[in-house]
Amino acid sequence: MQPCLRLLARLMLRSGITYSMFDSIARTAFVQEAMGERDVRGRKTNLSRVAVRTGLSRKEVSRIKAKLDTDPIAERCATTDGYDSGHAARVLQLWHSDSRFLDADGKPRALPLAGSDPTFGSLVRAAGGDFPPGAVRAELTSAGAIVEVGDQQLLPIKRHFIPSDAGEELLVGFNHFLLPVLIGLERNTSESDPPQFFQRLAYSDRLAPNVLVAFRRIGQDAASRFVQSVDDWLSSNEIPSDLGADSCEARAGVGVFYFESRIQVQAGEAQSKLDV
């Protein structure tokens, strides 16, 4: 479980999702799933049972349920409402909206690191929290959100904070790779949803490093041929788009992926190394 969470944390951080945001999303997901369960008599789970199942307080469960009742698609909205979008994002928000840090035209001012206010340091303090201006500057610079101009002054060139350009690629990966794998895993570990979906994996943990290049090539060639054959079959069996929305449609597919990690042998035990 720990390696999975570490990789997930890496993806979240890379896309600007803070722990506070993830925690809020996770709480909502836990409450939704627990609320969807039924007892042995087929009755809906009450708030007390949801609290016991999730480990959240009844007050927190009630708050989340009330939010979902008033806004049933809240968990799917691409907004930061109700979430802590991170200190760096807050700094950029103030820089574009607070009159103390705007010029006569209402645009963000170039700010010196220190000196007479307004400065970058005073902006960081205005955003709250106990973060050193140098650390915030490094984070914003790494994200390509600010540049240095003039005499050691900083100017924002982005309004929103996204640590990298992996956002769209990450979204595609979640929707088309991670989500289908989890759908199959959830079905295959449930006693109420036969038949099971096939999930097969061919791997070895005793490969010599010098054969990896050859294996990548073999795996890519074989996977490409297989996926193309499946894609051809799917295309020939799809419902024509001109039949309209009244036709019965289903979504199904087969995924193929490659993975690779290094194995470290320590004290006689093999251990997978995550940072590869």
# chains A, B, ... in the order shown; residues from 1 in each chain; ligands from 1
>>> residues_around(residues="stretch 141-147 of chain A", least_positions_apart="2", cutoff="8 Å", atoms="only C-alpha atoms", output="ChimeraX atom specification")
/A:137-139,149,154-164
>>> write_last_selection(atoms="C-alpha atoms", output="PDB file, in the first residue's frame")
ATOM      1  CA  ARG A 137       9.855  32.084  -4.604  1.00  0.00           C
ATOM      2  CA  ALA A 138      11.640  28.829  -5.463  1.00  0.00           C
ATOM      3  CA  GLU A 139       8.325  26.985  -5.835  1.00  0.00           C
ATOM      4  CA  VAL A 149      12.817  41.564 -13.955  1.00  0.00           C
ATOM      5  CA  LEU A 154       9.763  39.513  -9.307  1.00  0.00           C
ATOM      6  CA  LEU A 155       6.786  39.575 -11.653  1.00  0.00           C
ATOM      7  CA  PRO A 156       4.073  36.918 -12.130  1.00  0.00           C
ATOM      8  CA  ILE A 157       3.511  35.596 -15.643  1.00  0.00           C
ATOM      9  CA  LYS A 158       0.808  33.098 -14.647  1.00  0.00           C
ATOM     10  CA  ARG A 159      -2.374  33.627 -12.673  1.00  0.00           C
ATOM     11  CA  HIS A 160      -2.836  30.032 -11.560  1.00  0.00           C
ATOM     12  CA  PHE A 161      -0.324  27.768  -9.877  1.00  0.00           C
ATOM     13  CA  ILE A 162       0.334  24.439 -11.613  1.00  0.00           C
ATOM     14  CA  PRO A 163       3.729  22.930 -10.696  1.00  0.00           C
ATOM     15  CA  SER A 164       4.210  21.286 -14.090  1.00  0.00           C
TER      16      SER A 164
END
>>> select_by_dssp(residues="stretch 137-224 of chain A", states="alpha helix (DSSP H)", output="PyMOL selection string")
chain A and resi 137-142+167-173+179-188+212-224
>>> residues_around(residues="stretch 26-40 of chain A", least_positions_apart="6", cutoff="8 Å", atoms="only C-alpha atoms", output="compact mmCIF listing (two decimals) with N, CA and C atoms, in the first residue's frame")
# COMPACT_ATOMS: atom_id res chain seq x y z
N ASN A 46 -27.31 4.53 7.77
CA ASN A 46 -27.57 5.82 8.40
C ASN A 46 -26.25 6.54 8.72
N LEU A 47 -26.34 7.78 9.19
CA LEU A 47 -25.16 8.60 9.44
C LEU A 47 -24.22 7.98 10.47
N VAL A 50 -22.29 5.23 8.83
CA VAL A 50 -21.30 5.82 7.92
C VAL A 50 -20.12 6.34 8.70
N ARG A 53 -18.04 3.37 9.80
CA ARG A 53 -17.36 2.75 8.66
C ARG A 53 -16.18 3.58 8.18
N THR A 54 -16.35 4.90 8.14
CA THR A 54 -15.32 5.77 7.57
C THR A 54 -14.31 6.27 8.58
N VAL A 61 -19.60 13.79 8.70
CA VAL A 61 -20.41 13.04 7.74
C VAL A 61 -21.66 13.82 7.37
N ILE A 64 -20.73 16.73 4.98
CA ILE A 64 -20.47 16.28 3.62
C ILE A 64 -21.76 15.85 2.92
N LYS A 65 -22.63 15.14 3.67
CA LYS A 65 -23.91 14.70 3.09
C LYS A 65 -24.76 15.89 2.70
N GLU A 75 -18.45 17.01 -6.26
CA GLU A 75 -17.15 16.33 -6.27
C GLU A 75 -16.55 16.25 -7.66
>>> closest_residue(among="A:Leu111, A:Leu8, A:Gln2, A:Ser62", to="A:Phe174", atoms="only C-alpha atoms")
A:Leu8
>>> atom_distance(atom1="atom CA of A:Val256", atom2="atom CA of A:Ile17")
27.4 Å
>>> atom_distance(atom1="atom CA of A:Arg251", atom2="atom CA of A:Leu179")
12.9 Å
